[in-house]
>>> print(open('start.cif').read())   # mmCIF, C-alpha atoms
data_model
loop_
_atom_site.label_atom_id
_atom_site.label_comp_id
_atom_site.auth_asym_id
_atom_site.auth_seq_id
_atom_site.Cartn_x
_atom_site.Cartn_y
_atom_site.Cartn_z
CA MET A 17 6.65 -35.45 3.09
CA ARG A 18 4.25 -35.32 0.15
CA GLU A 19 5.38 -35.99 -3.38
CA SER A 20 5.68 -32.96 -5.67
CA ASN A 21 2.75 -34.10 -7.84
CA SER A 22 0.43 -34.51 -4.86
CA LEU A 23 1.43 -31.05 -3.61
CA LEU A 24 0.47 -29.51 -6.92
CA GLU A 25 -2.96 -31.14 -6.68
CA LEU A 26 -3.64 -28.83 -3.72
CA PHE A 27 -3.57 -25.90 -6.16
CA PRO A 28 -6.26 -26.31 -8.85
CA ARG A 29 -4.84 -25.55 -12.27
CA ARG A 30 -6.18 -22.21 -13.47
CA THR A 31 -5.35 -19.96 -16.39
CA LEU A 32 -4.10 -16.62 -15.15
CA VAL A 33 -4.91 -13.66 -17.38
CA ARG A 34 -3.66 -10.09 -17.12
CA GLU A 35 -7.22 -8.74 -17.16
CA GLY A 36 -7.55 -10.17 -13.65
CA GLY A 37 -4.76 -7.98 -12.31
CA PRO A 38 -1.02 -8.63 -11.84
CA LEU A 39 -0.28 -12.31 -12.49
CA TYR A 40 1.93 -12.66 -9.43
CA ARG A 41 -0.85 -11.37 -7.18
CA GLN A 42 -3.36 -13.83 -8.64
CA LEU A 43 -0.84 -16.62 -8.10
CA ALA A 44 -0.10 -15.50 -4.54
CA ASP A 45 -3.83 -15.63 -3.75
CA ILE A 46 -4.02 -19.22 -5.07
CA LEU A 47 -0.96 -20.33 -3.10
CA ARG A 48 -2.18 -18.59 0.05
CA ARG A 49 -5.49 -20.45 0.30
CA PRO A 50 -4.30 -23.96 1.32
CA ILE A 51 -1.95 -22.34 3.82
CA ALA A 52 -4.71 -20.28 5.44
CA GLU A 53 -7.04 -23.30 5.49
CA GLY A 54 -4.42 -25.51 7.14
CA VAL A 55 -4.25 -27.93 4.19
CA LEU A 56 -0.53 -27.18 4.05
CA ALA A 57 0.80 -27.46 7.58
CA VAL A 58 3.43 -25.23 9.16
CA GLY A 59 6.83 -26.67 8.26
CA GLU A 60 5.58 -28.35 5.09
CA GLU A 61 7.29 -27.63 1.79
CA LEU A 62 5.66 -25.91 -1.16
CA PRO A 63 6.22 -27.32 -4.65
CA LYS A 64 9.43 -26.31 -6.43
CA GLU A 65 9.33 -22.95 -8.19
CA ALA A 66 9.76 -24.56 -11.62
CA SER A 67 6.87 -26.95 -10.92
CA ILE A 68 4.58 -24.07 -9.91
CA ALA A 69 5.55 -22.14 -13.05
CA ASP A 70 4.77 -25.13 -15.26
CA HIS A 71 1.51 -25.92 -13.43
CA PHE A 72 0.10 -22.42 -13.97
CA GLY A 73 1.84 -21.57 -17.24
CA VAL A 74 3.66 -18.52 -15.88
CA SER A 75 7.28 -17.43 -15.73
CA LEU A 76 9.70 -18.13 -12.90
CA ILE A 77 9.82 -14.38 -12.28
CA THR A 78 6.05 -14.37 -11.64
CA VAL A 79 6.41 -17.33 -9.25
CA ARG A 80 9.26 -15.71 -7.33
CA HIS A 81 7.34 -12.44 -7.05
CA ALA A 82 4.29 -14.30 -5.68
CA LEU A 83 6.42 -16.20 -3.18
CA ARG A 84 8.05 -12.95 -2.08
CA ASP A 85 4.58 -11.56 -1.31
CA LEU A 86 3.80 -14.61 0.84
CA GLU A 87 7.16 -14.31 2.58
CA ASP A 88 6.60 -10.60 3.25
CA SER A 89 3.29 -11.58 4.88
CA GLY A 90 5.07 -14.08 7.13
CA LEU A 91 3.28 -17.09 5.61
CA ILE A 92 6.32 -18.83 4.12
CA ARG A 93 10.09 -18.92 4.50
CA LYS A 94 12.16 -19.10 1.35
CA ARG A 95 15.34 -21.20 1.33
CA SER A 96 18.39 -21.20 -0.92
CA ALA A 97 18.25 -24.03 -3.50
CA LYS A 98 15.31 -25.65 -1.67
CA PRO A 99 11.51 -25.25 -1.87
CA ALA A 100 9.95 -22.67 0.42
CA VAL A 101 8.30 -23.93 3.61
CA VAL A 102 5.12 -22.82 5.36
CA ALA A 103 5.98 -20.56 8.32
CA ALA A 104 2.50 -19.58 9.61
CA ARG A 105 -1.18 -19.94 8.76
CA ASP A 106 -2.13 -16.33 9.41
CA ALA A 107 -0.58 -13.41 7.57
CA GLU A 108 1.12 -10.70 9.56
CA ALA A 109 0.05 -7.10 9.03
CA PRO A 110 2.39 -5.60 6.43
CA VAL A 111 5.09 -3.46 8.02
CA TRP A 112 5.83 -0.06 6.55
CA HIS A 113 9.39 1.02 7.32
CA MET A 114 9.57 4.73 6.58
CA ALA A 115 12.81 6.63 6.69
CA ASN A 116 12.79 8.49 3.36
CA PHE A 117 10.82 9.19 0.19
CA THR A 118 11.99 5.88 -1.31
CA ASP A 119 10.25 4.01 1.52
CA ILE A 120 7.06 6.00 0.91
CA ALA A 121 7.23 5.13 -2.78
CA ALA A 122 7.82 1.44 -1.98
CA PHE A 123 4.52 1.30 -0.10
CA ALA A 124 2.70 2.27 -3.31
CA ARG A 125 4.55 -0.28 -5.44
CA ASP A 126 2.20 -2.16 -7.80
CA ALA A 127 -0.74 0.00 -6.63
CA SER A 128 -3.03 2.34 -8.52
CA LEU A 129 -4.63 5.66 -7.55
CA ASN A 130 -8.39 5.99 -7.99
CA VAL A 131 -9.39 9.68 -7.84
CA LEU A 132 -12.78 10.24 -6.18
CA SER A 133 -12.96 14.04 -6.33
CA TYR A 134 -10.92 17.24 -6.66
CA ARG A 135 -12.52 20.49 -5.57
CA ARG A 136 -12.22 23.67 -3.52
CA GLU A 137 -12.83 23.29 0.22
CA SER A 138 -12.10 25.34 3.34
CA PRO A 139 -11.35 22.94 6.24
CA PRO A 140 -9.54 24.20 9.36
CA LEU A 141 -6.44 22.24 8.30
CA LEU A 142 -5.78 24.91 5.66
CA GLN A 143 -5.47 27.50 8.40
CA GLN A 144 -3.30 25.24 10.55
CA TYR A 145 -0.81 24.16 7.91
CA PHE A 146 -0.97 26.73 5.12
CA GLY A 147 -1.78 29.97 6.94
CA ALA A 148 -5.13 30.42 5.20
CA ARG A 149 -7.63 32.88 6.66
CA LYS A 150 -10.77 31.51 8.30
CA GLY A 151 -13.18 30.42 5.58
CA GLU A 152 -10.57 30.81 2.83
CA ALA A 153 -10.76 27.92 0.36
CA GLY A 154 -7.93 25.72 -0.76
CA TYR A 155 -8.10 22.52 -2.77
CA CYS A 156 -8.83 18.96 -1.68
CA LEU A 157 -8.11 15.71 -3.53
CA ARG A 158 -9.87 12.57 -2.32
CA SER A 159 -8.53 9.28 -3.62
CA VAL A 160 -8.12 5.57 -2.90
CA LEU A 161 -4.89 3.63 -3.26
CA LYS A 162 -5.74 0.17 -4.58
CA SER A 163 -3.71 -2.99 -5.04
CA GLY A 164 -5.69 -5.12 -7.47
CA GLU A 165 -9.18 -5.08 -5.98
CA GLU A 166 -7.94 -4.44 -2.43
CA LYS A 167 -8.47 -0.90 -1.15
CA LYS A 168 -5.28 -0.20 0.77
CA VAL A 169 -5.78 3.36 1.96
CA TYR A 170 -8.19 6.28 1.73
CA ILE A 171 -6.21 9.49 1.12
CA THR A 172 -7.35 13.07 1.56
CA THR A 173 -4.80 15.57 0.21
CA TYR A 174 -4.93 19.30 0.80
CA PHE A 175 -3.18 22.04 -1.18
CA PRO A 176 -2.98 25.80 -0.56
CA ALA A 177 -4.86 27.86 -3.13
CA GLU A 178 -1.72 28.96 -5.03
CA VAL A 179 -0.79 25.30 -5.57
CA GLY A 180 -4.24 23.76 -6.01
CA GLU A 181 -5.46 26.25 -8.61
CA ARG A 182 -2.68 25.13 -10.97
CA LEU A 183 -3.66 21.48 -10.65
CA SER A 184 -6.65 19.66 -12.11
CA ARG A 185 -8.14 16.22 -11.62
CA ARG A 186 -6.54 14.92 -14.82
CA ASP A 187 -3.05 15.73 -13.45
CA PHE A 188 -3.27 12.95 -10.87
CA THR A 189 -2.21 10.01 -13.02
CA ASP A 190 0.81 9.10 -10.87
CA VAL A 191 0.19 6.88 -7.85
CA LEU A 192 2.58 9.15 -5.91
CA ILE A 193 0.81 12.48 -5.42
CA PHE A 194 3.98 14.21 -4.23
CA ASP A 195 5.69 13.24 -7.49
CA THR A 196 2.84 14.88 -9.41
CA VAL A 197 3.42 18.09 -7.46
CA GLN A 198 7.19 18.00 -8.00
CA ARG A 199 6.79 17.42 -11.74
CA LYS A 200 4.02 20.02 -12.23
CA PHE A 201 5.85 22.79 -10.38
CA GLY A 202 9.44 21.85 -11.19
CA LEU A 203 10.41 21.80 -7.53
CA ARG A 204 12.01 19.37 -5.16
CA LEU A 205 10.21 18.51 -1.95
CA ALA A 206 12.78 18.43 0.81
CA VAL A 207 11.04 16.62 3.64
CA ALA A 208 7.79 14.97 4.73
CA HIS A 209 6.86 15.58 8.36
CA MET A 210 4.81 12.60 9.57
CA THR A 211 2.28 12.34 12.37
CA VAL A 212 0.71 8.98 13.26
CA ARG A 213 -2.50 8.69 15.25
CA ALA A 214 -5.48 6.41 15.77
CA GLU A 215 -9.05 7.05 14.67
CA VAL A 216 -12.27 5.15 14.07
CA ALA A 217 -13.85 4.95 10.64
CA ASP A 218 -16.77 7.27 10.00
CA ALA A 219 -19.44 6.34 7.46
CA THR A 220 -17.49 7.83 4.54
CA ALA A 221 -14.19 6.10 5.31
CA ALA A 222 -15.99 2.81 6.01
CA GLU A 223 -17.76 2.92 2.65
CA VAL A 224 -14.60 3.81 0.73
CA LEU A 225 -12.49 1.10 2.39
CA ASP A 226 -15.23 -1.57 2.54
CA ILE A 227 -14.97 -1.89 6.32
CA GLU A 228 -17.44 -1.56 9.18
CA PRO A 229 -18.14 1.93 10.61
CA GLY A 230 -16.29 2.30 13.88
CA SER A 231 -13.40 0.07 12.74
CA ALA A 232 -9.96 1.14 13.92
CA LEU A 233 -7.90 3.21 11.50
CA LEU A 234 -4.21 4.07 11.46
CA ILE A 235 -3.89 7.69 10.34
CA VAL A 236 -0.66 8.96 8.82
CA GLU A 237 -0.51 12.71 8.18
CA MET A 238 2.31 13.68 5.80
CA LEU A 239 3.14 17.37 5.49
CA TYR A 240 5.42 17.94 2.50
CA GLN A 241 7.73 20.95 2.52
CA ALA A 242 9.68 22.46 -0.36
CA SER A 243 13.40 23.20 -0.01
CA ASP A 244 12.55 26.84 0.86
CA GLY A 245 10.44 25.71 3.84
CA ARG A 246 7.02 26.28 2.24
CA ASN A 247 4.26 23.81 3.11
CA VAL A 248 3.10 22.52 -0.28
CA GLU A 249 0.95 19.45 0.37
CA LEU A 250 -0.75 17.71 3.30
CA SER A 251 -1.86 14.11 2.78
CA VAL A 252 -4.01 12.38 5.38
CA ALA A 253 -3.86 8.62 4.77
CA ARG A 254 -6.42 6.40 6.49
CA HIS A 255 -5.33 2.74 6.76
CA PRO A 256 -7.40 -0.13 8.20
CA ALA A 257 -5.47 -0.69 11.44
CA ASP A 258 -5.57 -4.49 11.25
CA ARG A 259 -3.68 -4.48 7.95
CA PHE A 260 -0.79 -2.08 8.56
CA SER A 261 1.89 -1.15 11.03
CA ILE A 262 4.70 1.39 10.86
CA THR A 263 8.29 0.97 12.03
CA TYR A 264 11.26 3.29 12.27
CA ASP A 265 14.80 3.09 13.59
CA ALA A 266 15.93 5.08 16.62
CA PRO A 267 19.75 5.20 16.72
CA ASN A 268 21.48 5.79 20.05
CA ASP A 269 22.67 9.39 19.85
CA ARG A 270 23.51 9.81 23.54
CA GLY A 271 27.23 9.22 23.06
#
>>> encode(input="start.cif", output="structure tokens")
Amino acid sequence: MRESNSLLELFPRRTLVREGGPLYRQLADILRRPIAEGVLAVGEELPKEASIADHFGVSLITVRHALRDLEDSGLIRKRSAKPAVVAARDAEAPVWHMANFTDIAAFARDASLNVLSYRRESPPLLQQYFGARKGEAGYCLRSVLKSGEEKKVYITTYFPAEVGERLSRRDFTDVLIFDTVQRKFGLRLAVAHMTVRAEVADATAAEVLDIEPGSALLIVEMLYQASDGRNVELSVARHPADRFSITYDAPNDRG
């Protein structure tokens, strides 16, 4: 087992500044590198949390948040009153457990929404989900959900004309688009109907997500309904398939 001081030497001392993004994410990236490169072997301990905090001049809260990110990725295993240990060299694809709106919101935690465009369009989806006539225009918001510099998901959101005409690009300051709609219209969305399918990235999606054209995508369509049954919003979220998976619970209801 290496001494604590020699362990810290594996992580070059670096000043973390808020201009570089969330401090915990910068720290997680630094801690992740020797694990991914095999410098820290599976089963080997990381330095103590207090030692990491002192080494990088950050708070214990920042250290614990960074370690939680590594644990969520399957790279380390935290232990009570003991240093965390390396669990794997390769990160697992993050798992999105979705059972309610709180789970949807949790996926966007610590992320930001970058609006690409907001304009009138008339895709067939407006006819399918909002009862629009052929050629009738609704509104389309195109945006990217980012976590630091990482582009997590490319989102295309459609609104029927009566909803979209009361929204403008400057309204979309909240990372959760459905919260923007609820706040703007003073309504409560009752349910999100979700459809998951596979797709390959076209040139537009590839450019937005910084991936190769033809890469596999995980598509999650979320149709939001108001409490009176009206379809209010349809979001089509395109995720790089190698970075995300979705889980849900299926209780035994057969008696």
>>> resolve_selection(input="start.cif", expression="the PyMOL selection byres ((chain A and resi 37-39) around 9)", output="list in words")
Leu32, Val33, Arg34, Glu35, Gly36, Tyr40, Arg41, Gln42, Leu43, Ala44, Val74, Thr78, Val79, Ala82, Asp126, Ser163, Gly164 and Glu165 of chain A
>>> resolve_selection(input="start.cif", expression="the PyMOL selection byres ((chain A and resi 131) around 9)", output="list in words")
Leu129, Asn130, Leu132, Ser133, Tyr134, Leu157, Arg158, Ser159, Val160, Leu161, Arg185, Phe188 and Thr189 of chain A
>>> closest_residue(input="start.cif", among="A:Pro229, A:Pro139, A:Gly90, A:Pro50", to="Pro28 of chain A", atoms="all atoms listed in the file")
A:Pro50
>>> resolve_selection(input="start.cif", expression="the PyMOL selection byres ((chain A and resi 59-65) around 7)", output="compact mmCIF listing (two decimals) with C-alpha atoms, keeping the file's coordinate frame")
# COMPACT_ATOMS: atom_id res chain seq x y z
CA SER A 20 5.68 -32.96 -5.67
CA LEU A 23 1.43 -31.05 -3.61
CA LEU A 24 0.47 -29.51 -6.92
CA LEU A 56 -0.53 -27.18 4.05
CA ALA A 57 0.80 -27.46 7.58
CA VAL A 58 3.43 -25.23 9.16
CA ALA A 66 9.76 -24.56 -11.62
CA SER A 67 6.87 -26.95 -10.92
CA ILE A 68 4.58 -24.07 -9.91
CA ALA A 69 5.55 -22.14 -13.05
CA LEU A 76 9.70 -18.13 -12.90
CA VAL A 79 6.41 -17.33 -9.25
CA PRO A 99 11.51 -25.25 -1.87
CA ALA A 100 9.95 -22.67 0.42
CA VAL A 101 8.30 -23.93 3.61
CA VAL A 102 5.12 -22.82 5.36
CA ALA A 103 5.98 -20.56 8.32
>>> atom_distance(input="start.cif", atom1="atom CA of Gly73 of chain A", atom2="atom CA of Thr31 of chain A")
7.4 Å
>>> residues_around(input="start.cif", residues="segment 235-239 of chain A", least_positions_apart="4", cutoff="10 Å", atoms="all atoms listed in the file", output="mmCIF file with C-alpha atoms, in the coordinates of the input")
data_model
loop_
_atom_site.group_PDB
_atom_site.id
_atom_site.type_symbol
_atom_site.label_atom_id
_atom_site.label_comp_id
_atom_site.auth_asym_id
_atom_site.auth_seq_id
_atom_site.Cartn_x
_atom_site.Cartn_y
_atom_site.Cartn_z
ATOM 1 C CA TYR A 145 -0.810 24.160 7.910
ATOM 2 C CA VAL A 169 -5.780 3.360 1.960
ATOM 3 C CA TYR A 170 -8.190 6.280 1.730
ATOM 4 C CA ILE A 171 -6.210 9.490 1.120
ATOM 5 C CA THR A 172 -7.350 13.070 1.560
ATOM 6 C CA THR A 173 -4.800 15.570 0.210
ATOM 7 C CA TYR A 174 -4.930 19.300 0.800
ATOM 8 C CA VAL A 207 11.040 16.620 3.640
ATOM 9 C CA ALA A 208 7.790 14.970 4.730
ATOM 10 C CA HIS A 209 6.860 15.580 8.360
ATOM 11 C CA MET A 210 4.810 12.600 9.570
ATOM 12 C CA THR A 211 2.280 12.340 12.370
ATOM 13 C CA VAL A 212 0.710 8.980 13.260
ATOM 14 C CA ARG A 213 -2.500 8.690 15.250
ATOM 15 C CA ALA A 214 -5.480 6.410 15.770
ATOM 16 C CA GLU A 215 -9.050 7.050 14.670
ATOM 17 C CA VAL A 216 -12.270 5.150 14.070
ATOM 18 C CA ASN A 247 4.260 23.810 3.110
ATOM 19 C CA VAL A 248 3.100 22.520 -0.280
ATOM 20 C CA GLU A 249 0.950 19.450 0.370
ATOM 21 C CA LEU A 250 -0.750 17.710 3.300
ATOM 22 C CA SER A 251 -1.860 14.110 2.780
ATOM 23 C CA VAL A 252 -4.010 12.380 5.380
ATOM 24 C CA ALA A 253 -3.860 8.620 4.770
ATOM 25 C CA ARG A 254 -6.420 6.400 6.490
ATOM 26 C CA HIS A 255 -5.330 2.740 6.760
ATOM 27 C CA PRO A 256 -7.400 -0.130 8.200
ATOM 28 C CA ALA A 257 -5.470 -0.690 11.440
ATOM 29 C CA ILE A 262 4.700 1.390 10.860
#
>>> residues_around(input="start.cif", residues="Leu192 of chain A", least_positions_apart="5", cutoff="10 Å", atoms="only C-alpha atoms", output="VMD selection string")
chain A and resid 120 to 121 123 to 125 127 to 129 161 197
>>> atom_distance(input="start.cif", atom1="atom CA of Arg105 of chain A", atom2="atom CA of Ala52 of chain A")
4.9 Å
>>> atom_distance(input="start.cif", atom1="atom CA of Arg199 of chain A", atom2="atom CA of Gly151 of chain A")
29.5 Å
>>> closest_residue(input="start.cif", among="A:Gly202, A:Gln143, A:Glu223, A:Val191", to="Pro176 of chain A", atoms="all atoms listed in the file")
A:Gln143
>>> closest_residue(input="start.cif", among="A:Lys94, A:Gln198, A:Ala206, A:Gly180", to="Asn116 of chain A", atoms="all atoms listed in the file")
A:Ala206
>>> closest_residue(input="start.cif", among="A:Asp269, A:Glu152, A:Asp106, A:Asp258", to="Lys168 of chain A", atoms="all atoms listed in the file")
A:Asp258
>>> decode(input="start.cif", residues="segment 45-80 of chain A", atoms="C-alpha atoms", output="CSV table (one decimal), in the first residue's frame")
chain,number,residue,atom,x,y,z
A,45,ASP,CA,-11.5,15.0,-13.9
A,46,ILE,CA,-8.1,15.2,-12.2
A,47,LEU,CA,-8.8,12.2,-9.9
A,48,ARG,CA,-10.2,10.2,-12.8
A,49,ARG,CA,-7.0,10.3,-15.0
A,50,PRO,CA,-4.7,8.0,-13.0
A,51,ILE,CA,-7.5,5.6,-12.6
A,52,ALA,CA,-8.2,5.5,-16.3
A,53,GLU,CA,-4.5,5.2,-17.1
A,54,GLY,CA,-4.0,2.3,-14.7
A,55,VAL,CA,-1.6,4.2,-12.5
A,56,LEU,CA,-4.0,3.5,-9.6
A,57,ALA,CA,-4.8,-0.1,-9.7
A,58,VAL,CA,-8.2,-1.7,-9.0
A,59,GLY,CA,-8.5,-2.2,-5.2
A,60,GLU,CA,-6.0,0.5,-4.4
A,61,GLU,CA,-7.0,3.3,-2.0
A,62,LEU,CA,-7.3,6.9,-2.9
A,63,PRO,CA,-5.8,9.6,-0.6
A,64,LYS,CA,-8.0,10.6,2.4
A,65,GLU,CA,-10.6,13.2,1.7
A,66,ALA,CA,-9.0,15.8,3.9
A,67,SER,CA,-5.6,15.2,2.2
A,68,ILE,CA,-7.2,15.8,-1.2
A,69,ALA,CA,-8.9,19.0,0.0
A,70,ASP,CA,-5.6,20.3,1.4
A,71,HIS,CA,-3.7,19.3,-1.7
A,72,PHE,CA,-6.0,21.2,-4.1
A,73,GLY,CA,-7.1,24.0,-1.7
A,74,VAL,CA,-10.8,23.1,-1.9
A,75,SER,CA,-13.5,22.3,0.7
A,76,LEU,CA,-14.4,18.8,1.9
A,77,ILE,CA,-17.8,19.3,0.3
A,78,THR,CA,-16.1,19.8,-3.1
A,79,VAL,CA,-14.0,16.6,-2.6
A,80,ARG,CA,-17.0,14.6,-1.6
